[in-house]
Amino acid sequence: MADAQPHKPALPSTRRILKGAAPPPPPGQKGPPSTVARHVESAHTKTRKHEPPSPYQGAVEVVTTRGEGNSTKVRARVRGDVAVHGMGLRQKIMIAMASVTIVTAILIFIVVYVKATGQLSDEIDSKGIAQARLMASIDPEIWMAAMYQDPVVRDERMTDLIHRFDPEWNADVRGRFFQVHADLRDVHENLLRGSIGEARRRAAEEFFKTLVERRKTELVEDDDKERLEKNYYRLRESENFQRDVRALFDPFGQIEPLRAGGVNLLDSGEIVQLSVLDVTRGVNPDASVQATPKVKNLSLASDKRFVRGLEVSDGYVKEENIPVRSFKLDSPEMETSVGKVKLQYWVLLSLRHIEDAKGTLRTIIFLPIFLVVVVGLAIAWWISERISEPVRLLMDDINAVSGGDLDHETIAHSTDEVGQLAMTFNRMTQALKAAHNQELEQKAVEHELNIASEIQANLVPKKMLKIPGFEISAYYRPSKEVGGDYYDFIEIDEDYYGFIVADVSGKGVPGALVMSMARAFIRMEADRARNISPSDTLKRANKMLAVDIKKGMFVTAMYCIVNKRTAELAVSSAGHNPLVLWRAATNEVQLINPKGIALGFDKGPVFDRTVAEERVQLQPGDRAVLCTDGVVEAMNKERDEFGDKRFHALVQQLATRDSNQFLNLVIKALDEHKGDAPQHDDITLVTFRYVGGV
């Protein structure tokens, strides 16, 4: 170890080069920054708010050195190109809300439409069933009389009604009225088949009015005509007369008394056909009574349903293209004057008004729902805009910052979670900028420390001093990049050689600077006058150092000069650890510790009066050890120091080894004591052993 260059810690690299980039210029060569530096600078300076992201892929950190290495620049990270694929947040929100709105509108339309059409259908069913049951509530004798009315009886009833108008009517026509008045027979038949309800009653009135007018043409006397008209108007208001008229002309009029609290379909326009059929002898009866002409080309669906005991089916009247619904109610066999009969009550209702209502309902429901969908889409767009716009702006801010613009300021455009995220990101950007600036400063400091470390390494002797009759070795290990310890060998002349070990109160660059000054002053005084007095050399160096040293800083030093011919050792101390001298003859350790205060405390008088000088005569085999306090104060994790006693005992134990082995074993013992604990202070050791034979 004595022949090797003194130990130096590994220094951090000041430059990292991207793959594929041009190498930096050689040391000392002036010129523009490297290609990589310009490459990243371009990406950094061109990144602005709302501009496209940088095209350079990956996160890159580049440290460039401009010129001769006087300034170091750490470029910002350059993010990769982040391309958005697929739908954006706004489109997703729009599609989601629009889908919900449209699906909800469709469901509402379906539910309302089905419910409304169902209610219309139920209403038609209620009307048809009520009408069929009303017909079934009439005495079957009336329906049988209407179906099987004898023409002679019918003519007699007609003649009886006419004689109520005019008792003088020709008796010859009794019993054969419609044979005599054949034209009125057709009117009567059409009246029975051609209308229902109120229309039939009005037709019956017109029929009797026609009879009155015809009778008036046969009368000669005005009194007879007047009497005829009076009888007509009187009978028209008579309930008995009206009942007999309904029995003759309108058997369905028997339903009227029952319609007061029920459903009146006769005047609604919904009835297509009302029929009562005698199905005693089969399902295709010849006898029936109908309120309307029999429907032709009726097509009913094959699927039938039963509602409250009635057979219900839908169909069409083909010729008129009318949608209809039929209701059939079969009565049980009943005993009548003509024997047992079974009647079938049939109601055929038009569904045209339901279809019209459905069309109107579709329009009524569709328009509001369409407006709701339009308004929902507008609201969806507005909400998506409110949600996505702050996110988009935040993404722009993130792209700007990730592109290297750490001066970019993120503004919160909302007070919700996105706004909180924007404020948090802005704080993060500021923290990142501060960290980046700190990183720049740290890199600059590291670069300066590297330079200082290189300078300090150059100040430490590159080769061990070789003196005939002496075996010399030295070890130096700073606790940081730049240490405050210092050792040196000074060749004063061909007979006198100086050994110095010093420790600056402080570490880092300030300590290194003070150490450099102390070294320069001590060397200058030793070389200038070939001064062989260590105390006088320290005095002269202190006068210069005390003027320039920072207040509060000082330097402790142990300086000794050996005469190679006489093996006499002159020792002076400036407040430093004592020189440890092992005597080979007695195997004892002797501490040489002349009085003195540290360099830099005083500008001269006090230091000059205090510093002393001792002379020691070396004997063959004696070993001298100079060290700094970092040796004896080395601490482990429990903060236990190595200590003076252990160090002195170690010197006594290893003193006979050659100087290289001695230092190696001492350092090994120190490291074993320290263990995994960090190095507390700089460690400096200088040792020489007088072997004699000059």
# chains A, B, ... in the order shown; residues from 1 in each chain; ligands from 1
call {"tool": "select_by_dssp", "arguments": {"residues": "range 357-595 of chain A", "states": "alpha helix (DSSP H)", "output": "MDAnalysis selection string"}}
result
chainID A and resid 357:402 417:459 508:528 534:548
call {"tool": "closest_atom_pairs", "arguments": {"of": "range 612-677 of chain A", "to": "range 584-607 of chain A", "cutoff": "9 Å", "atoms": "only C-alpha atoms", "output": "Markdown table"}}
result
| residue | atom | partner | partner_atom | distance |
| --- | --- | --- | --- | --- |
| A:Ala612 | CA | A:Lys595 | CA | 5.3 |
| A:Glu613 | CA | A:Pro594 | CA | 6.1 |
| A:Glu614 | CA | A:Pro594 | CA | 6.3 |
| A:Val616 | CA | A:Ile592 | CA | 8.7 |
| A:Gln619 | CA | A:Ala584 | CA | 7.7 |
| A:Pro620 | CA | A:Ala584 | CA | 7.4 |
| A:Gly621 | CA | A:Ala584 | CA | 5.2 |
| A:Asp622 | CA | A:Ala584 | CA | 5.1 |
| A:Arg623 | CA | A:Ala584 | CA | 7.7 |
| A:His648 | CA | A:Val589 | CA | 6.9 |
| A:Ala649 | CA | A:Val589 | CA | 8.2 |
| A:Val651 | CA | A:Val589 | CA | 8.0 |
| A:Gln652 | CA | A:Val589 | CA | 6.5 |
| A:Ala655 | CA | A:Ala584 | CA | 8.3 |
| A:Thr656 | CA | A:Ala584 | CA | 8.2 |
call {"tool": "atom_distance", "arguments": {"atom1": "CA of Ala624 in chain A", "atom2": "CA of Thr687 in chain A"}}
result
5.6 Å
call {"tool": "residues_around", "arguments": {"residues": "Thr101 in chain A", "least_positions_apart": "2", "cutoff": "9 Å", "atoms": "only C-alpha atoms", "output": "list in words"}}
result
Ala96, Met97, Ala98, Ser99, Val103, Thr104, Ala105, Ile106, Val372, Val373, Gly376, Leu377 and Ala380 of chain A
call {"tool": "write_last_selection", "arguments": {"atoms": "C-alpha atoms", "output": "mmCIF file, in the first residue's frame"}}
result
data_model
loop_
_atom_site.group_PDB
_atom_site.id
_atom_site.type_symbol
_atom_site.label_atom_id
_atom_site.label_comp_id
_atom_site.auth_asym_id
_atom_site.auth_seq_id
_atom_site.Cartn_x
_atom_site.Cartn_y
_atom_site.Cartn_z
ATOM 1 C CA ALA A 96 -73.519 6.755 -22.033
ATOM 2 C CA MET A 97 -75.966 9.536 -21.201
ATOM 3 C CA ALA A 98 -77.556 9.464 -24.653
ATOM 4 C CA SER A 99 -77.984 5.697 -24.425
ATOM 5 C CA VAL A 103 -83.427 3.627 -23.723
ATOM 6 C CA THR A 104 -85.427 5.302 -20.958
ATOM 7 C CA ALA A 105 -87.510 7.182 -23.532
ATOM 8 C CA ILE A 106 -88.164 3.985 -25.507
ATOM 9 C CA VAL A 372 -87.079 14.765 -23.892
ATOM 10 C CA VAL A 373 -84.461 12.920 -25.960
ATOM 11 C CA GLY A 376 -81.427 14.878 -22.758
ATOM 12 C CA LEU A 377 -78.823 14.902 -25.528
ATOM 13 C CA ALA A 380 -75.588 15.140 -21.956
#
call {"tool": "atom_distance", "arguments": {"atom1": "CA of His163 in chain A", "atom2": "CA of Arg201 in chain A"}}
result
20.1 Å
call {"tool": "select_by_dssp", "arguments": {"residues": "range 465-553 of chain A", "states": "strand (DSSP E)", "output": "tab-separated table (two decimals) with N, CA and C atoms, in the first residue's frame"}}
result
chain	number	residue	atom	x	y	z
A	470	PHE	N	14.93	4.50	6.43
A	470	PHE	CA	13.56	4.71	6.92
A	470	PHE	C	12.56	3.95	6.02
A	471	GLU	N	11.58	3.42	6.67
A	471	GLU	CA	10.49	2.71	5.97
A	471	GLU	C	9.21	3.53	6.18
A	472	ILE	N	8.66	4.07	5.09
A	472	ILE	CA	7.58	5.08	5.19
A	472	ILE	C	6.34	4.58	4.46
A	473	SER	N	5.14	4.90	5.02
A	473	SER	CA	3.86	4.59	4.35
A	473	SER	C	2.80	5.57	4.85
A	474	ALA	N	1.78	5.75	4.04
A	474	ALA	CA	0.70	6.70	4.38
A	474	ALA	C	-0.64	6.19	3.86
A	475	TYR	N	-1.70	6.61	4.54
A	475	TYR	CA	-3.07	6.22	4.13
A	475	TYR	C	-4.00	7.42	4.35
A	476	TYR	N	-4.88	7.63	3.37
A	476	TYR	CA	-5.84	8.75	3.48
A	476	TYR	C	-7.18	8.29	2.89
A	477	ARG	N	-8.27	8.48	3.69
A	477	ARG	CA	-9.61	8.14	3.21
A	477	ARG	C	-10.59	9.19	3.76
A	485	ASP	N	-8.85	16.55	5.86
A	485	ASP	CA	-7.53	16.11	6.34
A	485	ASP	C	-6.47	16.37	5.26
A	486	TYR	N	-5.23	16.31	5.73
A	486	TYR	CA	-4.14	16.60	4.80
A	486	TYR	C	-2.85	15.99	5.36
A	487	TYR	N	-2.08	15.38	4.49
A	487	TYR	CA	-0.75	14.94	4.88
A	487	TYR	C	0.19	15.27	3.73
A	488	ASP	N	1.49	15.42	4.08
A	488	ASP	CA	2.44	15.81	3.04
A	488	ASP	C	3.85	15.40	3.48
A	489	PHE	N	4.69	15.25	2.45
A	489	PHE	CA	6.12	15.02	2.66
A	489	PHE	C	6.87	16.22	2.06
A	490	ILE	N	7.81	16.75	2.84
A	490	ILE	CA	8.53	17.94	2.38
A	490	ILE	C	10.03	17.63	2.41
A	491	GLU	N	10.65	17.71	1.24
A	491	GLU	CA	12.11	17.53	1.15
A	491	GLU	C	12.76	18.90	1.32
A	496	TYR	N	17.41	16.80	5.55
A	496	TYR	CA	16.22	17.04	6.37
A	496	TYR	C	14.94	16.81	5.54
A	497	TYR	N	14.04	16.06	6.16
A	497	TYR	CA	12.76	15.74	5.51
A	497	TYR	C	11.62	15.99	6.51
A	498	GLY	N	10.57	16.64	6.00
A	498	GLY	CA	9.44	16.95	6.87
A	498	GLY	C	8.25	16.01	6.64
A	499	PHE	N	7.56	15.70	7.75
A	499	PHE	CA	6.31	14.93	7.70
A	499	PHE	C	5.23	15.77	8.39
A	500	ILE	N	4.12	15.96	7.73
A	500	ILE	CA	3.06	16.76	8.33
A	500	ILE	C	1.71	16.08	8.13
A	501	VAL	N	0.92	16.10	9.19
A	501	VAL	CA	-0.48	15.64	9.15
A	501	VAL	C	-1.33	16.76	9.74
A	502	ALA	N	-2.40	17.16	9.02
A	502	ALA	CA	-3.23	18.29	9.47
A	502	ALA	C	-4.71	17.92	9.34
A	503	ASP	N	-5.51	18.64	10.13
A	503	ASP	CA	-6.97	18.42	10.13
A	503	ASP	C	-7.65	19.77	10.20
A	504	VAL	N	-8.51	20.04	9.23
A	504	VAL	CA	-9.23	21.33	9.17
A	504	VAL	C	-10.55	21.19	9.91
call {"tool": "atom_distance", "arguments": {"atom1": "CA of Val100 in chain A", "atom2": "CA of Tyr113 in chain A"}}
result
19.4 Å
call {"tool": "residues_around", "arguments": {"residues": "Val114 in chain A", "least_positions_apart": "5", "cutoff": "12 Å", "atoms": "only C-alpha atoms", "output": "VMD selection string"}}
result
chain A and resid 106 to 109 119 to 122 358 361 to 362 365
call {"tool": "residues_around", "arguments": {"residues": "Lys433 in chain A", "least_positions_apart": "5", "cutoff": "10 Å", "atoms": "only C-alpha atoms", "output": "PyMOL selection string"}}
result
chain A and resi 76+401+404-408+427-428+438-439
call {"tool": "write_last_selection", "arguments": {"atoms": "N, CA and C atoms", "output": "PDB file, in the first residue's frame"}}
result
ATOM      1  N   ALA A  76     -34.420  18.564 -18.489  1.00  0.00           N
ATOM      2  CA  ALA A  76     -35.649  17.959 -17.963  1.00  0.00           C
ATOM      3  C   ALA A  76     -35.926  16.634 -18.643  1.00  0.00           C
ATOM      4  N   VAL A 401     -46.171  19.839 -18.890  1.00  0.00           N
ATOM      5  CA  VAL A 401     -45.191  19.590 -17.823  1.00  0.00           C
ATOM      6  C   VAL A 401     -44.335  18.369 -18.154  1.00  0.00           C
ATOM      7  N   GLY A 404     -41.459  18.865 -20.292  1.00  0.00           N
ATOM      8  CA  GLY A 404     -40.282  19.547 -19.761  1.00  0.00           C
ATOM      9  C   GLY A 404     -40.506  20.967 -19.334  1.00  0.00           C
ATOM     10  N   ASP A 405     -41.720  21.531 -19.556  1.00  0.00           N
ATOM     11  CA  ASP A 405     -41.981  22.918 -19.187  1.00  0.00           C
ATOM     12  C   ASP A 405     -42.396  22.972 -17.727  1.00  0.00           C
ATOM     13  N   LEU A 406     -41.432  22.976 -16.827  1.00  0.00           N
ATOM     14  CA  LEU A 406     -41.734  22.991 -15.399  1.00  0.00           C
ATOM     15  C   LEU A 406     -42.174  24.356 -14.918  1.00  0.00           C
ATOM     16  N   ASP A 407     -42.075  25.384 -15.765  1.00  0.00           N
ATOM     17  CA  ASP A 407     -42.593  26.708 -15.403  1.00  0.00           C
ATOM     18  C   ASP A 407     -44.070  26.838 -15.715  1.00  0.00           C
ATOM     19  N   HIS A 408     -44.618  25.825 -16.347  1.00  0.00           N
ATOM     20  CA  HIS A 408     -46.035  25.864 -16.706  1.00  0.00           C
ATOM     21  C   HIS A 408     -46.904  25.834 -15.445  1.00  0.00           C
ATOM     22  N   ARG A 427     -49.343  21.902  -7.528  1.00  0.00           N
ATOM     23  CA  ARG A 427     -48.391  21.841  -6.415  1.00  0.00           C
ATOM     24  C   ARG A 427     -47.293  20.821  -6.699  1.00  0.00           C
ATOM     25  N   MET A 428     -47.683  19.714  -7.321  1.00  0.00           N
ATOM     26  CA  MET A 428     -46.691  18.701  -7.661  1.00  0.00           C
ATOM     27  C   MET A 428     -45.681  19.253  -8.669  1.00  0.00           C
ATOM     28  N   GLN A 438     -33.205  21.794  -7.452  1.00  0.00           N
ATOM     29  CA  GLN A 438     -32.299  21.249  -6.448  1.00  0.00           C
ATOM     30  C   GLN A 438     -31.371  20.204  -7.076  1.00  0.00           C
ATOM     31  N   GLU A 439     -31.943  19.440  -8.014  1.00  0.00           N
ATOM     32  CA  GLU A 439     -31.125  18.450  -8.703  1.00  0.00           C
ATOM     33  C   GLU A 439     -30.033  19.124  -9.521  1.00  0.00           C
TER      34      GLU A 439
END
call {"tool": "decode", "arguments": {"residues": "range 595-680 of chain A", "atoms": "C-alpha atoms", "output": "mmCIF file, in the first residue's frame"}}
result
data_model
loop_
_atom_site.group_PDB
_atom_site.id
_atom_site.type_symbol
_atom_site.label_atom_id
_atom_site.label_comp_id
_atom_site.auth_asym_id
_atom_site.auth_seq_id
_atom_site.Cartn_x
_atom_site.Cartn_y
_atom_site.Cartn_z
ATOM 1 C CA LYS A 595 2.369 22.511 23.409
ATOM 2 C CA GLY A 596 0.637 24.602 20.765
ATOM 3 C CA ILE A 597 -2.700 25.959 19.573
ATOM 4 C CA ALA A 598 -4.375 25.454 16.222
ATOM 5 C CA LEU A 599 -3.388 27.460 13.175
ATOM 6 C CA GLY A 600 -5.702 30.368 12.420
ATOM 7 C CA PHE A 601 -6.907 31.069 15.988
ATOM 8 C CA ASP A 602 -4.485 33.934 16.444
ATOM 9 C CA LYS A 603 -2.613 36.158 14.006
ATOM 10 C CA GLY A 604 0.723 35.808 15.763
ATOM 11 C CA PRO A 605 1.549 36.788 19.335
ATOM 12 C CA VAL A 606 -0.409 34.148 21.183
ATOM 13 C CA PHE A 607 0.419 31.402 18.694
ATOM 14 C CA ASP A 608 4.114 32.300 18.706
ATOM 15 C CA ARG A 609 4.294 32.200 22.534
ATOM 16 C CA THR A 610 2.361 28.939 22.690
ATOM 17 C CA VAL A 611 3.830 26.699 20.039
ATOM 18 C CA ALA A 612 6.756 24.560 21.230
ATOM 19 C CA GLU A 613 9.250 22.162 19.735
ATOM 20 C CA GLU A 614 10.560 18.845 21.041
ATOM 21 C CA ARG A 615 13.474 16.792 19.805
ATOM 22 C CA VAL A 616 13.567 13.033 19.962
ATOM 23 C CA GLN A 617 16.472 10.745 19.145
ATOM 24 C CA LEU A 618 15.322 7.713 17.188
ATOM 25 C CA GLN A 619 16.825 4.306 17.736
ATOM 26 C CA PRO A 620 16.866 1.456 15.233
ATOM 27 C CA GLY A 621 13.456 -0.238 15.120
ATOM 28 C CA ASP A 622 11.542 2.729 16.554
ATOM 29 C CA ARG A 623 8.226 3.549 14.803
ATOM 30 C CA ALA A 624 6.530 6.956 14.669
ATOM 31 C CA VAL A 625 2.802 7.275 13.828
ATOM 32 C CA LEU A 626 1.048 10.533 12.931
ATOM 33 C CA CYS A 627 -2.747 10.471 12.642
ATOM 34 C CA THR A 628 -5.852 12.643 12.679
ATOM 35 C CA ASP A 629 -8.702 12.339 15.174
ATOM 36 C CA GLY A 630 -10.732 10.352 12.609
ATOM 37 C CA VAL A 631 -8.667 7.311 13.597
ATOM 38 C CA VAL A 632 -9.242 7.245 17.345
ATOM 39 C CA GLU A 633 -12.807 8.605 17.011
ATOM 40 C CA ALA A 634 -13.987 5.996 14.506
ATOM 41 C CA MET A 635 -17.449 4.867 15.692
ATOM 42 C CA ASN A 636 -19.656 1.849 15.214
ATOM 43 C CA LYS A 637 -23.486 1.752 15.080
ATOM 44 C CA GLU A 638 -23.643 2.047 18.878
ATOM 45 C CA ARG A 639 -21.480 5.182 18.558
ATOM 46 C CA ASP A 640 -18.635 3.598 20.522
ATOM 47 C CA GLU A 641 -15.298 5.156 19.589
ATOM 48 C CA PHE A 642 -12.216 3.127 18.742
ATOM 49 C CA GLY A 643 -10.341 5.093 21.423
ATOM 50 C CA ASP A 644 -6.791 6.143 22.169
ATOM 51 C CA LYS A 645 -5.960 3.144 24.360
ATOM 52 C CA ARG A 646 -7.020 0.596 21.779
ATOM 53 C CA PHE A 647 -5.121 2.504 19.092
ATOM 54 C CA HIS A 648 -1.953 2.688 21.191
ATOM 55 C CA ALA A 649 -2.212 -1.007 21.990
ATOM 56 C CA LEU A 650 -2.696 -1.763 18.297
ATOM 57 C CA VAL A 651 0.399 0.299 17.431
ATOM 58 C CA GLN A 652 2.386 -1.594 20.069
ATOM 59 C CA GLN A 653 1.090 -4.906 18.711
ATOM 60 C CA LEU A 654 1.843 -4.213 15.036
ATOM 61 C CA ALA A 655 4.899 -1.969 15.334
ATOM 62 C CA THR A 656 7.366 -4.615 14.110
ATOM 63 C CA ARG A 657 5.535 -5.181 10.838
ATOM 64 C CA ASP A 658 6.683 -3.358 7.745
ATOM 65 C CA SER A 659 4.885 -0.059 7.230
ATOM 66 C CA ASN A 660 2.535 -1.305 4.483
ATOM 67 C CA GLN A 661 1.370 -4.258 6.568
ATOM 68 C CA PHE A 662 1.119 -2.017 9.612
ATOM 69 C CA LEU A 663 -1.298 0.376 7.887
ATOM 70 C CA ASN A 664 -3.297 -2.434 6.294
ATOM 71 C CA LEU A 665 -3.862 -4.124 9.634
ATOM 72 C CA VAL A 666 -4.690 -0.846 11.397
ATOM 73 C CA ILE A 667 -7.275 0.041 8.734
ATOM 74 C CA LYS A 668 -8.697 -3.473 8.916
ATOM 75 C CA ALA A 669 -9.127 -3.118 12.680
ATOM 76 C CA LEU A 670 -10.816 0.263 12.238
ATOM 77 C CA ASP A 671 -13.225 -1.140 9.604
ATOM 78 C CA GLU A 672 -14.092 -4.134 11.757
ATOM 79 C CA HIS A 673 -14.887 -1.810 14.635
ATOM 80 C CA LYS A 674 -16.956 0.494 12.428
ATOM 81 C CA GLY A 675 -18.909 -2.329 10.806
ATOM 82 C CA ASP A 676 -21.845 -1.083 8.684
ATOM 83 C CA ALA A 677 -21.873 2.330 10.327
ATOM 84 C CA PRO A 678 -21.010 5.296 8.080
ATOM 85 C CA GLN A 679 -17.538 6.760 8.318
ATOM 86 C CA HIS A 680 -17.657 9.485 10.931
#
